[in-house]
$ cat structure-v2.pdb   # PDB, C-alpha atoms
ATOM      1  CA  MET L   1       0.000   0.000   0.000  1.00  0.00           C
ATOM      2  CA  ILE L   2       1.503   3.319  -1.106  1.00  0.00           C
ATOM      3  CA  ARG L   3       0.695   6.178   1.257  1.00  0.00           C
ATOM      4  CA  ILE L   4      -0.177   9.473  -0.474  1.00  0.00           C
ATOM      5  CA  THR L   5      -0.714  13.054   0.611  1.00  0.00           C
ATOM      6  CA  VAL L   6      -2.525  15.409  -1.769  1.00  0.00           C
ATOM      7  CA  ILE L   7      -1.760  19.117  -1.408  1.00  0.00           C
ATOM      8  CA  GLY L   8      -4.477  21.323  -2.903  1.00  0.00           C
ATOM      9  CA  SER L   9      -8.251  21.551  -3.156  1.00  0.00           C
ATOM     10  CA  GLY L  10      -8.921  22.604  -6.778  1.00  0.00           C
ATOM     11  CA  ASN L  11     -10.370  20.628  -9.682  1.00  0.00           C
ATOM     12  CA  VAL L  12      -7.340  18.358 -10.210  1.00  0.00           C
ATOM     13  CA  ALA L  13      -6.907  17.687  -6.486  1.00  0.00           C
ATOM     14  CA  GLN L  14     -10.564  16.796  -6.046  1.00  0.00           C
ATOM     15  CA  HIS L  15     -10.614  14.387  -8.981  1.00  0.00           C
ATOM     16  CA  LEU L  16      -7.384  12.737  -7.801  1.00  0.00           C
ATOM     17  CA  ILE L  17      -8.841  12.292  -4.320  1.00  0.00           C
ATOM     18  CA  LYS L  18     -11.936  10.632  -5.796  1.00  0.00           C
ATOM     19  CA  ALA L  19      -9.785   8.321  -7.933  1.00  0.00           C
ATOM     20  CA  PHE L  20      -7.387   7.366  -5.134  1.00  0.00           C
ATOM     21  CA  THR L  21     -10.185   6.545  -2.692  1.00  0.00           C
ATOM     22  CA  LYS L  22     -11.397   3.897  -5.158  1.00  0.00           C
ATOM     23  CA  SER L  23      -7.957   2.258  -5.471  1.00  0.00           C
ATOM     24  CA  ASP L  24      -6.906  -0.797  -3.449  1.00  0.00           C
ATOM     25  CA  LEU L  25      -3.202  -0.064  -3.965  1.00  0.00           C
ATOM     26  CA  VAL L  26      -2.930   3.412  -2.451  1.00  0.00           C
ATOM     27  CA  GLU L  27      -4.041   5.090   0.745  1.00  0.00           C
ATOM     28  CA  ILE L  28      -4.627   8.807   1.190  1.00  0.00           C
ATOM     29  CA  VAL L  29      -2.875   9.694   4.430  1.00  0.00           C
ATOM     30  CA  GLN L  30      -3.800  13.372   4.365  1.00  0.00           C
ATOM     31  CA  VAL L  31      -5.048  16.190   2.214  1.00  0.00           C
ATOM     32  CA  PHE L  32      -3.739  19.722   2.676  1.00  0.00           C
ATOM     33  CA  SER L  33      -6.231  22.539   2.160  1.00  0.00           C
ATOM     34  CA  ARG L  34      -6.524  26.052   3.562  1.00  0.00           C
ATOM     35  CA  LYS L  35     -10.302  25.598   3.433  1.00  0.00           C
ATOM     36  CA  LYS L  36     -11.221  22.252   4.991  1.00  0.00           C
ATOM     37  CA  GLU L  37     -14.869  22.534   4.066  1.00  0.00           C
ATOM     38  CA  ALA L  38     -13.944  22.446   0.359  1.00  0.00           C
ATOM     39  CA  LEU L  39     -12.975  18.778   0.690  1.00  0.00           C
ATOM     40  CA  SER L  40     -15.112  17.551   3.585  1.00  0.00           C
ATOM     41  CA  SER L  41     -17.515  15.774   1.223  1.00  0.00           C
ATOM     42  CA  LEU L  42     -14.678  13.786  -0.379  1.00  0.00           C
ATOM     43  CA  ILE L  43     -12.641  12.563   2.572  1.00  0.00           C
ATOM     44  CA  GLY L  44     -12.838  12.320   6.340  1.00  0.00           C
ATOM     45  CA  PHE L  45     -12.487  15.680   8.080  1.00  0.00           C
ATOM     46  CA  GLU L  46      -9.779  14.231  10.341  1.00  0.00           C
ATOM     47  CA  LYS L  47      -7.500  13.687   7.316  1.00  0.00           C
ATOM     48  CA  ILE L  48      -7.658  17.310   6.169  1.00  0.00           C
ATOM     49  CA  VAL L  49      -4.938  19.621   7.480  1.00  0.00           C
ATOM     50  CA  SER L  50      -4.314  23.308   6.876  1.00  0.00           C
ATOM     51  CA  ALA L  51      -0.828  23.734   8.387  1.00  0.00           C
ATOM     52  CA  PHE L  52       2.321  22.356   6.758  1.00  0.00           C
ATOM     53  CA  GLU L  53       3.768  21.335  10.135  1.00  0.00           C
ATOM     54  CA  ASP L  54       0.838  18.927  10.564  1.00  0.00           C
ATOM     55  CA  LEU L  55       1.802  16.867   7.518  1.00  0.00           C
ATOM     56  CA  LYS L  56       2.542  13.239   8.385  1.00  0.00           C
ATOM     57  CA  GLU L  57       5.026  10.935   6.705  1.00  0.00           C
ATOM     58  CA  ALA L  58       3.902   9.553   3.357  1.00  0.00           C
ATOM     59  CA  ASP L  59       5.493   7.748   0.410  1.00  0.00           C
ATOM     60  CA  LEU L  60       4.379  10.404  -2.076  1.00  0.00           C
ATOM     61  CA  TYR L  61       3.273  14.034  -1.861  1.00  0.00           C
ATOM     62  CA  ILE L  62       1.271  15.355  -4.816  1.00  0.00           C
ATOM     63  CA  ILE L  63       1.152  19.150  -5.156  1.00  0.00           C
ATOM     64  CA  ALA L  64      -2.032  19.928  -7.102  1.00  0.00           C
ATOM     65  CA  VAL L  65      -2.129  23.731  -7.021  1.00  0.00           C
ATOM     66  CA  SER L  66      -1.891  26.540  -9.590  1.00  0.00           C
ATOM     67  CA  ASP L  67       1.402  26.757 -11.484  1.00  0.00           C
ATOM     68  CA  LYS L  68       2.360  30.034  -9.826  1.00  0.00           C
ATOM     69  CA  ALA L  69       1.981  28.488  -6.352  1.00  0.00           C
ATOM     70  CA  ILE L  70       3.978  25.267  -6.891  1.00  0.00           C
ATOM     71  CA  SER L  71       7.394  26.692  -6.022  1.00  0.00           C
ATOM     72  CA  GLU L  72       6.269  28.410  -2.827  1.00  0.00           C
ATOM     73  CA  VAL L  73       4.330  25.366  -1.622  1.00  0.00           C
ATOM     74  CA  SER L  74       7.298  23.055  -2.203  1.00  0.00           C
ATOM     75  CA  LYS L  75       9.560  25.387  -0.228  1.00  0.00           C
ATOM     76  CA  GLN L  76       7.218  25.277   2.761  1.00  0.00           C
ATOM     77  CA  LEU L  77       7.173  21.492   3.045  1.00  0.00           C
ATOM     78  CA  PRO L  78       8.784  20.689   6.438  1.00  0.00           C
ATOM     79  CA  PHE L  79      10.743  17.601   5.385  1.00  0.00           C
ATOM     80  CA  GLN L  80      13.372  16.470   2.897  1.00  0.00           C
ATOM     81  CA  ASN L  81      14.410  13.498   0.749  1.00  0.00           C
ATOM     82  CA  ARG L  82      10.826  12.437   0.059  1.00  0.00           C
ATOM     83  CA  ILE L  83       9.074  12.065  -3.293  1.00  0.00           C
ATOM     84  CA  VAL L  84       7.301  15.315  -4.162  1.00  0.00           C
ATOM     85  CA  VAL L  85       5.566  15.836  -7.503  1.00  0.00           C
ATOM     86  CA  HIS L  86       3.418  18.474  -9.150  1.00  0.00           C
ATOM     87  CA  THR L  87       0.527  18.018 -11.590  1.00  0.00           C
ATOM     88  CA  SER L  88       1.275  20.871 -14.015  1.00  0.00           C
ATOM     89  CA  GLY L  89       1.361  20.515 -17.767  1.00  0.00           C
ATOM     90  CA  THR L  90       3.882  23.322 -18.253  1.00  0.00           C
ATOM     91  CA  ALA L  91       5.994  23.704 -15.097  1.00  0.00           C
ATOM     92  CA  SER L  92       9.381  21.964 -15.130  1.00  0.00           C
ATOM     93  CA  LEU L  93      10.919  19.847 -12.391  1.00  0.00           C
ATOM     94  CA  ALA L  94      13.073  22.832 -11.488  1.00  0.00           C
ATOM     95  CA  VAL L  95      10.168  24.693  -9.843  1.00  0.00           C
ATOM     96  CA  LEU L  96      10.173  22.165  -7.011  1.00  0.00           C
ATOM     97  CA  ASP L  97      12.495  22.717  -4.059  1.00  0.00           C
ATOM     98  CA  VAL L  98      15.670  20.622  -4.316  1.00  0.00           C
ATOM     99  CA  LYS L  99      15.468  19.394  -0.714  1.00  0.00           C
ATOM    100  CA  ASN L 100      13.171  16.608  -1.919  1.00  0.00           C
ATOM    101  CA  ARG L 101      13.199  14.043  -4.748  1.00  0.00           C
ATOM    102  CA  ASN L 102      11.103  15.651  -7.433  1.00  0.00           C
ATOM    103  CA  GLY L 103       8.825  14.468 -10.186  1.00  0.00           C
ATOM    104  CA  VAL L 104       5.697  15.109 -12.226  1.00  0.00           C
ATOM    105  CA  PHE L 105       2.303  13.382 -12.065  1.00  0.00           C
ATOM    106  CA  TYR L 106       0.347  15.083 -14.866  1.00  0.00           C
ATOM    107  CA  PRO L 107      -3.161  13.815 -15.660  1.00  0.00           C
ATOM    108  CA  LEU L 108      -3.975  15.119 -19.128  1.00  0.00           C
ATOM    109  CA  GLN L 109      -7.692  15.816 -19.010  1.00  0.00           C
ATOM    110  CA  THR L 110     -10.125  18.687 -18.624  1.00  0.00           C
ATOM    111  CA  PHE L 111     -11.525  18.693 -15.085  1.00  0.00           C
ATOM    112  CA  SER L 112     -14.625  20.414 -13.769  1.00  0.00           C
ATOM    113  CA  LYS L 113     -15.885  19.981 -10.224  1.00  0.00           C
ATOM    114  CA  THR L 114     -19.434  19.202 -11.349  1.00  0.00           C
ATOM    115  CA  LYS L 115     -18.512  16.692 -14.101  1.00  0.00           C
ATOM    116  CA  GLU L 116     -17.468  13.163 -13.177  1.00  0.00           C
ATOM    117  CA  VAL L 117     -14.482  11.701 -15.048  1.00  0.00           C
ATOM    118  CA  ASP L 118     -13.642   8.057 -15.689  1.00  0.00           C
ATOM    119  CA  PHE L 119     -10.068   8.194 -14.422  1.00  0.00           C
ATOM    120  CA  SER L 120      -9.271   4.744 -15.815  1.00  0.00           C
ATOM    121  CA  THR L 121      -9.029   6.321 -19.291  1.00  0.00           C
ATOM    122  CA  VAL L 122      -7.188   9.515 -18.300  1.00  0.00           C
ATOM    123  CA  PRO L 123      -3.599   9.620 -19.638  1.00  0.00           C
ATOM    124  CA  ILE L 124      -1.132  10.216 -16.816  1.00  0.00           C
ATOM    125  CA  CYS L 125       2.277  11.586 -17.826  1.00  0.00           C
ATOM    126  CA  LEU L 126       5.137  10.824 -15.462  1.00  0.00           C
ATOM    127  CA  GLU L 127       8.614  12.200 -14.896  1.00  0.00           C
ATOM    128  CA  ALA L 128      11.078  11.508 -12.084  1.00  0.00           C
ATOM    129  CA  GLU L 129      14.690  12.197 -11.204  1.00  0.00           C
ATOM    130  CA  ASN L 130      15.621   8.544 -10.637  1.00  0.00           C
ATOM    131  CA  PRO L 131      14.346   5.082 -11.687  1.00  0.00           C
ATOM    132  CA  TYR L 132      13.132   4.069  -8.216  1.00  0.00           C
ATOM    133  CA  ASP L 133      10.930   7.138  -7.836  1.00  0.00           C
ATOM    134  CA  TYR L 134       9.587   6.627 -11.350  1.00  0.00           C
ATOM    135  CA  ARG L 135       8.508   3.092 -10.451  1.00  0.00           C
ATOM    136  CA  VAL L 136       6.650   4.425  -7.414  1.00  0.00           C
ATOM    137  CA  LEU L 137       4.865   7.004  -9.588  1.00  0.00           C
ATOM    138  CA  GLU L 138       4.111   4.353 -12.193  1.00  0.00           C
ATOM    139  CA  THR L 139       2.572   2.035  -9.588  1.00  0.00           C
ATOM    140  CA  VAL L 140       0.387   4.860  -8.276  1.00  0.00           C
ATOM    141  CA  ALA L 141      -0.643   5.955 -11.769  1.00  0.00           C
ATOM    142  CA  LYS L 142      -1.511   2.422 -12.882  1.00  0.00           C
ATOM    143  CA  SER L 143      -3.661   1.984  -9.784  1.00  0.00           C
ATOM    144  CA  ILE L 144      -6.118   4.543 -11.182  1.00  0.00           C
ATOM    145  CA  SER L 145      -5.472   4.615 -14.963  1.00  0.00           C
ATOM    146  CA  THR L 146      -4.746   2.272 -17.848  1.00  0.00           C
ATOM    147  CA  ALA L 147      -2.940   5.004 -19.827  1.00  0.00           C
ATOM    148  CA  VAL L 148       0.439   5.827 -18.264  1.00  0.00           C
ATOM    149  CA  TYR L 149       3.310   7.429 -20.190  1.00  0.00           C
ATOM    150  CA  PRO L 150       6.917   8.457 -19.450  1.00  0.00           C
ATOM    151  CA  ILE L 151       7.019  12.078 -20.655  1.00  0.00           C
ATOM    152  CA  ASN L 152       9.880  14.520 -20.073  1.00  0.00           C
ATOM    153  CA  SER L 153       9.443  18.235 -19.383  1.00  0.00           C
ATOM    154  CA  GLU L 154       9.877  19.366 -22.994  1.00  0.00           C
ATOM    155  CA  GLN L 155       7.464  16.747 -24.297  1.00  0.00           C
ATOM    156  CA  ARG L 156       4.965  17.741 -21.603  1.00  0.00           C
ATOM    157  CA  LYS L 157       5.066  21.362 -22.770  1.00  0.00           C
ATOM    158  CA  ALA L 158       4.268  20.206 -26.304  1.00  0.00           C
ATOM    159  CA  LEU L 159       1.385  18.102 -25.013  1.00  0.00           C
ATOM    160  CA  HIS L 160      -0.012  20.982 -22.997  1.00  0.00           C
ATOM    161  CA  VAL L 161       0.065  23.401 -25.941  1.00  0.00           C
ATOM    162  CA  SER L 162      -1.569  20.737 -28.116  1.00  0.00           C
ATOM    163  CA  ALA L 163      -4.208  20.190 -25.441  1.00  0.00           C
ATOM    164  CA  VAL L 164      -5.059  23.897 -25.469  1.00  0.00           C
ATOM    165  CA  PHE L 165      -5.739  23.681 -29.206  1.00  0.00           C
ATOM    166  CA  VAL L 166      -7.813  20.487 -29.133  1.00  0.00           C
ATOM    167  CA  ASN L 167      -9.697  21.239 -25.915  1.00  0.00           C
ATOM    168  CA  ASN L 168      -9.751  24.865 -24.759  1.00  0.00           C
ATOM    169  CA  PHE L 169      -9.853  26.470 -28.205  1.00  0.00           C
ATOM    170  CA  THR L 170     -12.291  23.873 -29.524  1.00  0.00           C
ATOM    171  CA  ASN L 171     -14.619  24.437 -26.578  1.00  0.00           C
ATOM    172  CA  HIS L 172     -14.472  28.180 -27.244  1.00  0.00           C
ATOM    173  CA  LEU L 173     -15.586  27.493 -30.812  1.00  0.00           C
ATOM    174  CA  TYR L 174     -18.503  25.498 -29.378  1.00  0.00           C
ATOM    175  CA  GLN L 175     -19.385  28.609 -27.373  1.00  0.00           C
ATOM    176  CA  ILE L 176     -19.330  30.772 -30.509  1.00  0.00           C
ATOM    177  CA  GLY L 177     -21.498  28.253 -32.341  1.00  0.00           C
ATOM    178  CA  GLN L 178     -23.973  28.275 -29.461  1.00  0.00           C
ATOM    179  CA  GLU L 179     -24.072  32.084 -29.430  1.00  0.00           C
ATOM    180  CA  ILE L 180     -24.838  32.194 -33.159  1.00  0.00           C
ATOM    181  CA  CYS L 181     -27.590  29.601 -32.737  1.00  0.00           C
ATOM    182  CA  GLU L 182     -29.169  31.397 -29.799  1.00  0.00           C
ATOM    183  CA  GLU L 183     -29.030  34.734 -31.610  1.00  0.00           C
ATOM    184  CA  HIS L 184     -31.171  33.244 -34.362  1.00  0.00           C
ATOM    185  CA  GLN L 185     -33.419  31.042 -32.184  1.00  0.00           C
ATOM    186  CA  VAL L 186     -31.916  27.766 -33.394  1.00  0.00           C
ATOM    187  CA  PRO L 187     -31.477  24.912 -30.857  1.00  0.00           C
ATOM    188  CA  PHE L 188     -27.769  24.295 -30.248  1.00  0.00           C
ATOM    189  CA  ALA L 189     -28.668  20.638 -29.608  1.00  0.00           C
ATOM    190  CA  ILE L 190     -29.015  20.159 -33.373  1.00  0.00           C
ATOM    191  CA  LEU L 191     -25.212  20.503 -33.637  1.00  0.00           C
ATOM    192  CA  LYS L 192     -24.359  17.979 -30.910  1.00  0.00           C
ATOM    193  CA  PRO L 193     -24.397  14.865 -33.152  1.00  0.00           C
ATOM    194  CA  LEU L 194     -22.004  16.706 -35.492  1.00  0.00           C
ATOM    195  CA  ILE L 195     -19.719  17.540 -32.570  1.00  0.00           C
ATOM    196  CA  GLN L 196     -19.794  13.894 -31.475  1.00  0.00           C
ATOM    197  CA  GLU L 197     -19.024  12.567 -34.964  1.00  0.00           C
ATOM    198  CA  THR L 198     -16.140  15.020 -35.373  1.00  0.00           C
ATOM    199  CA  ALA L 199     -14.598  13.725 -32.147  1.00  0.00           C
ATOM    200  CA  GLU L 200     -15.207  10.095 -33.125  1.00  0.00           C
ATOM    201  CA  LYS L 201     -13.521  10.456 -36.530  1.00  0.00           C
ATOM    202  CA  VAL L 202     -10.090  11.244 -35.087  1.00  0.00           C
ATOM    203  CA  LYS L 203     -10.118   7.818 -33.424  1.00  0.00           C
ATOM    204  CA  THR L 204      -9.737   6.209 -36.852  1.00  0.00           C
ATOM    205  CA  LEU L 205      -8.533   9.018 -39.139  1.00  0.00           C
ATOM    206  CA  ASN L 206      -5.685  11.500 -38.979  1.00  0.00           C
ATOM    207  CA  PRO L 207      -7.151  14.991 -38.441  1.00  0.00           C
ATOM    208  CA  ILE L 208      -5.795  16.161 -41.787  1.00  0.00           C
ATOM    209  CA  ASP L 209      -7.677  13.321 -43.526  1.00  0.00           C
ATOM    210  CA  ALA L 210     -10.883  14.017 -41.588  1.00  0.00           C
ATOM    211  CA  GLN L 211     -11.018  17.704 -42.578  1.00  0.00           C
ATOM    212  CA  THR L 212     -14.143  18.745 -44.499  1.00  0.00           C
ATOM    213  CA  GLY L 213     -15.994  22.003 -45.127  1.00  0.00           C
ATOM    214  CA  PRO L 214     -15.877  25.047 -47.422  1.00  0.00           C
ATOM    215  CA  ALA L 215     -12.235  25.933 -46.627  1.00  0.00           C
ATOM    216  CA  LYS L 216     -11.134  22.395 -47.482  1.00  0.00           C
ATOM    217  CA  ARG L 217     -13.122  22.513 -50.733  1.00  0.00           C
ATOM    218  CA  ASN L 218     -11.931  26.059 -51.456  1.00  0.00           C
ATOM    219  CA  ASP L 219     -15.591  27.006 -51.805  1.00  0.00           C
ATOM    220  CA  SER L 220     -15.145  30.780 -52.045  1.00  0.00           C
ATOM    221  CA  ASN L 221     -18.848  31.481 -52.590  1.00  0.00           C
ATOM    222  CA  THR L 222     -19.840  29.817 -49.311  1.00  0.00           C
ATOM    223  CA  ILE L 223     -16.948  31.407 -47.424  1.00  0.00           C
ATOM    224  CA  GLU L 224     -17.894  34.891 -48.657  1.00  0.00           C
ATOM    225  CA  ALA L 225     -21.537  34.260 -47.803  1.00  0.00           C
ATOM    226  CA  HIS L 226     -20.622  33.196 -44.268  1.00  0.00           C
ATOM    227  CA  LEU L 227     -18.455  36.264 -43.741  1.00  0.00           C
ATOM    228  CA  ALA L 228     -21.207  38.524 -45.046  1.00  0.00           C
ATOM    229  CA  TYR L 229     -23.699  36.863 -42.709  1.00  0.00           C
ATOM    230  CA  LEU L 230     -21.558  37.292 -39.565  1.00  0.00           C
ATOM    231  CA  THR L 231     -21.985  40.699 -37.946  1.00  0.00           C
ATOM    232  CA  ASN L 232     -19.706  40.064 -34.964  1.00  0.00           C
ATOM    233  CA  GLU L 233     -16.170  41.210 -35.847  1.00  0.00           C
ATOM    234  CA  LYS L 234     -14.515  38.762 -33.437  1.00  0.00           C
ATOM    235  CA  GLN L 235     -16.379  35.873 -35.036  1.00  0.00           C
ATOM    236  CA  LYS L 236     -15.445  37.123 -38.514  1.00  0.00           C
ATOM    237  CA  ASN L 237     -11.757  37.317 -37.575  1.00  0.00           C
ATOM    238  CA  ILE L 238     -11.725  33.810 -36.121  1.00  0.00           C
ATOM    239  CA  TYR L 239     -13.560  32.448 -39.161  1.00  0.00           C
ATOM    240  CA  THR L 240     -11.051  34.122 -41.509  1.00  0.00           C
ATOM    241  CA  ILE L 241      -7.970  32.942 -39.585  1.00  0.00           C
ATOM    242  CA  LEU L 242      -9.153  29.332 -39.394  1.00  0.00           C
ATOM    243  CA  THR L 243     -10.212  29.310 -43.047  1.00  0.00           C
ATOM    244  CA  GLN L 244      -6.795  30.576 -44.116  1.00  0.00           C
ATOM    245  CA  SER L 245      -5.050  28.045 -41.878  1.00  0.00           C
ATOM    246  CA  ILE L 246      -6.961  25.143 -43.449  1.00  0.00           C
ATOM    247  CA  GLN L 247      -6.305  26.428 -46.981  1.00  0.00           C
ATOM    248  CA  ASN L 248      -2.616  27.025 -46.281  1.00  0.00           C
ATOM    249  CA  ASN L 249      -2.374  23.538 -44.837  1.00  0.00           C
ATOM    250  CA  ASP L 250      -3.569  22.078 -48.122  1.00  0.00           C
ATOM    251  CA  LYS L 251      -0.986  24.151 -50.065  1.00  0.00           C
ATOM    252  CA  LYS L 252       1.810  22.402 -48.146  1.00  0.00           C
ATOM    253  CA  LEU L 253       0.753  18.980 -49.417  1.00  0.00           C
TER     254      LEU L 253
END

$ encode --input "structure-v2.pdb" --output "structure tokens"
Amino acid sequence: MIRITVIGSGNVAQHLIKAFTKSDLVEIVQVFSRKKEALSSLIGFEKIVSAFEDLKEADLYIIAVSDKAISEVSKQLPFQNRIVVHTSGTASLAVLDVKNRNGVFYPLQTFSKTKEVDFSTVPICLEAENPYDYRVLETVAKSISTAVYPINSEQRKALHVSAVFVNNFTNHLYQIGQEICEEHQVPFAILKPLIQETAEKVKTLNPIDAQTGPAKRNDSNTIEAHLAYLTNEKQKNIYTILTQSIQNNDKKL
């Protein structure tokens, strides 16, 4: 049984706590949170601490806080030579205080407090300073997920940027589509099967092969009609940039 302490109370911390409590291979020793009530529904109140000096010994300490807070939190840990990891997609190992053995435990998924996630399918990207610590992280990761990868800091940065494109930017485009529908009293639900099929296609096709639409076809009449129809300048600019990107992509082939 690997003993774990989770430091943080945000979206990632809460989903990790839920996942770990279902595992037979790990035990949550403690959770650190400045606001105990934020986690009281997930774990026993007696396991929640709000002072660093109250942290007990554990095999692994997972810092699940904002990127800007990782360094300061790691400095305040009142022990040394223990395995301490962060969950950031962009922060390097170097942000962690050198008094401990450092690593990364990065679950690549979009987390919202109100949306349950099947953690068994969440990719977990691992990095450690030595082989022994990596094996500990790997054991912990495999106790909650079937998708575990050794990923170094540079590769993790590439993954995080890619994730912003395929998740954050894509979701923003969903928002724009919904706004256009609502403006013209069209149910956004009509588009949901299209959204689902678009996501399903990349499971079997490369994105470049799955591309369709007026930009792909170089259908200038439809493109001009769409731009004339849009009255929102932000929407027009995004439409133009993405159209040009798709067309320029085809010119490289």

$ closest_atom_pairs --input "structure-v2.pdb" --of "stretch 89-109 of chain L" --to "stretch 126-141 of chain L" --cutoff "7 Å" --atoms "only C-alpha atoms" --output "Markdown table"
| residue | atom | partner | partner_atom | distance |
| --- | --- | --- | --- | --- |
| L:Arg101 | CA | L:Glu129 | CA | 6.9 |
| L:Asn102 | CA | L:Ala128 | CA | 6.2 |
| L:Gly103 | CA | L:Ala128 | CA | 4.2 |
| L:Val104 | CA | L:Glu127 | CA | 4.9 |
| L:Phe105 | CA | L:Leu126 | CA | 5.1 |
| L:Tyr106 | CA | L:Leu126 | CA | 6.4 |

$ closest_residue --input "structure-v2.pdb" --among "L:Ser50, L:His184, L:Leu96, L:Thr204" --to "L:Glu72" --atoms "only C-alpha atoms"
L:Leu96

$ resolve_selection --input "structure-v2.pdb" --expression "the PyMOL selection byres ((chain L and resi 35) around 10)" --output "JSON, numbers by chain"
{"L": [8, 9, 32, 33, 34, 36, 37, 38, 39, 40, 48, 49, 50]}

$ write_last_selection --input "structure-v2.pdb" --atoms "C-alpha atoms" --output "tab-separated table (two decimals), in the frame of the given file"
chain	number	residue	atom	x	y	z
L	8	GLY	CA	-4.48	21.32	-2.90
L	9	SER	CA	-8.25	21.55	-3.16
L	32	PHE	CA	-3.74	19.72	2.68
L	33	SER	CA	-6.23	22.54	2.16
L	34	ARG	CA	-6.52	26.05	3.56
L	36	LYS	CA	-11.22	22.25	4.99
L	37	GLU	CA	-14.87	22.53	4.07
L	38	ALA	CA	-13.94	22.45	0.36
L	39	LEU	CA	-12.98	18.78	0.69
L	40	SER	CA	-15.11	17.55	3.58
L	48	ILE	CA	-7.66	17.31	6.17
L	49	VAL	CA	-4.94	19.62	7.48
L	50	SER	CA	-4.31	23.31	6.88

$ atom_distance --input "structure-v2.pdb" --atom1 "atom CA of L:Leu93" --atom2 "atom CA of L:Asp24"
28.7 Å

$ resolve_selection --input "structure-v2.pdb" --expression "the PyMOL selection byres ((chain L and resi 6) around 9)" --output "ChimeraX atom specification"
/L:4-5,7-9,13,16-17,28-33,60-64

$ atom_distance --input "structure-v2.pdb" --atom1 "atom CA of L:Asn218" --atom2 "atom CA of L:Asn168"
26.8 Å

$ residues_around --input "structure-v2.pdb" --residues "L:Lys113" --least-positions-apart "5" --cutoff "9 Å" --atoms "only C-alpha atoms" --output "PDB file with C-alpha atoms, in the frame of the given file"
ATOM      1  CA  GLY L  10      -8.921  22.604  -6.778  1.00  0.00           C
ATOM      2  CA  ASN L  11     -10.370  20.628  -9.682  1.00  0.00           C
ATOM      3  CA  VAL L  12      -7.340  18.358 -10.210  1.00  0.00           C
ATOM      4  CA  GLN L  14     -10.564  16.796  -6.046  1.00  0.00           C
ATOM      5  CA  HIS L  15     -10.614  14.387  -8.981  1.00  0.00           C
TER       6      HIS L  15
END

$ residues_around --input "structure-v2.pdb" --residues "stretch 233-249 of chain L" --least-positions-apart "5" --cutoff "10 Å" --atoms "only C-alpha atoms" --output "list in words"
Leu173, Ile176, Gly177, Ile180, Ile208, Gln211, Thr212, Gly213, Pro214, Ala215, Lys216, Arg217, Asn218, Ile223, Glu224, His226, Leu227 and Ala228 of chain L

$ build_atoms --input "structure-v2.pdb" --residues "stretch 29-42 of chain L" --atoms "N, CA and C atoms" --output "short mmCIF file (atom, residue, chain, number, x, y, z; two decimals), in the frame of the given file"
data_model
loop_
_atom_site.label_atom_id
_atom_site.label_comp_id
_atom_site.auth_asym_id
_atom_site.auth_seq_id
_atom_site.Cartn_x
_atom_site.Cartn_y
_atom_site.Cartn_z
N VAL L 29 -3.21 9.44 3.03
CA VAL L 29 -2.88 9.69 4.43
C VAL L 29 -3.50 11.00 4.88
N GLN L 30 -3.29 12.04 4.05
CA GLN L 30 -3.80 13.37 4.36
C GLN L 30 -4.07 14.15 3.09
N VAL L 31 -4.85 15.20 3.26
CA VAL L 31 -5.05 16.19 2.21
C VAL L 31 -4.82 17.55 2.84
N PHE L 32 -4.01 18.37 2.18
CA PHE L 32 -3.74 19.72 2.68
C PHE L 32 -4.64 20.71 1.96
N SER L 33 -5.37 21.51 2.73
CA SER L 33 -6.23 22.54 2.16
C SER L 33 -6.41 23.66 3.16
N ARG L 34 -6.29 24.91 2.69
CA ARG L 34 -6.52 26.05 3.56
C ARG L 34 -7.99 26.12 3.99
N LYS L 35 -8.87 25.60 3.13
CA LYS L 35 -10.30 25.60 3.43
C LYS L 35 -10.77 24.15 3.55
N LYS L 36 -10.87 23.65 4.77
CA LYS L 36 -11.22 22.25 4.99
C LYS L 36 -12.59 21.89 4.44
N GLU L 37 -13.52 22.84 4.50
CA GLU L 37 -14.87 22.53 4.07
C GLU L 37 -14.95 22.22 2.57
N ALA L 38 -13.94 22.68 1.80
CA ALA L 38 -13.94 22.45 0.36
C ALA L 38 -13.80 20.97 0.02
N LEU L 39 -13.24 20.19 0.96
CA LEU L 39 -12.98 18.78 0.69
C LEU L 39 -13.71 17.83 1.64
N SER L 40 -14.49 18.37 2.54
CA SER L 40 -15.11 17.55 3.58
C SER L 40 -16.08 16.52 3.02
N SER L 41 -16.60 16.74 1.82
CA SER L 41 -17.52 15.77 1.22
C SER L 41 -16.78 14.64 0.52
N LEU L 42 -15.46 14.78 0.36
CA LEU L 42 -14.68 13.79 -0.38
C LEU L 42 -13.87 12.85 0.52
#
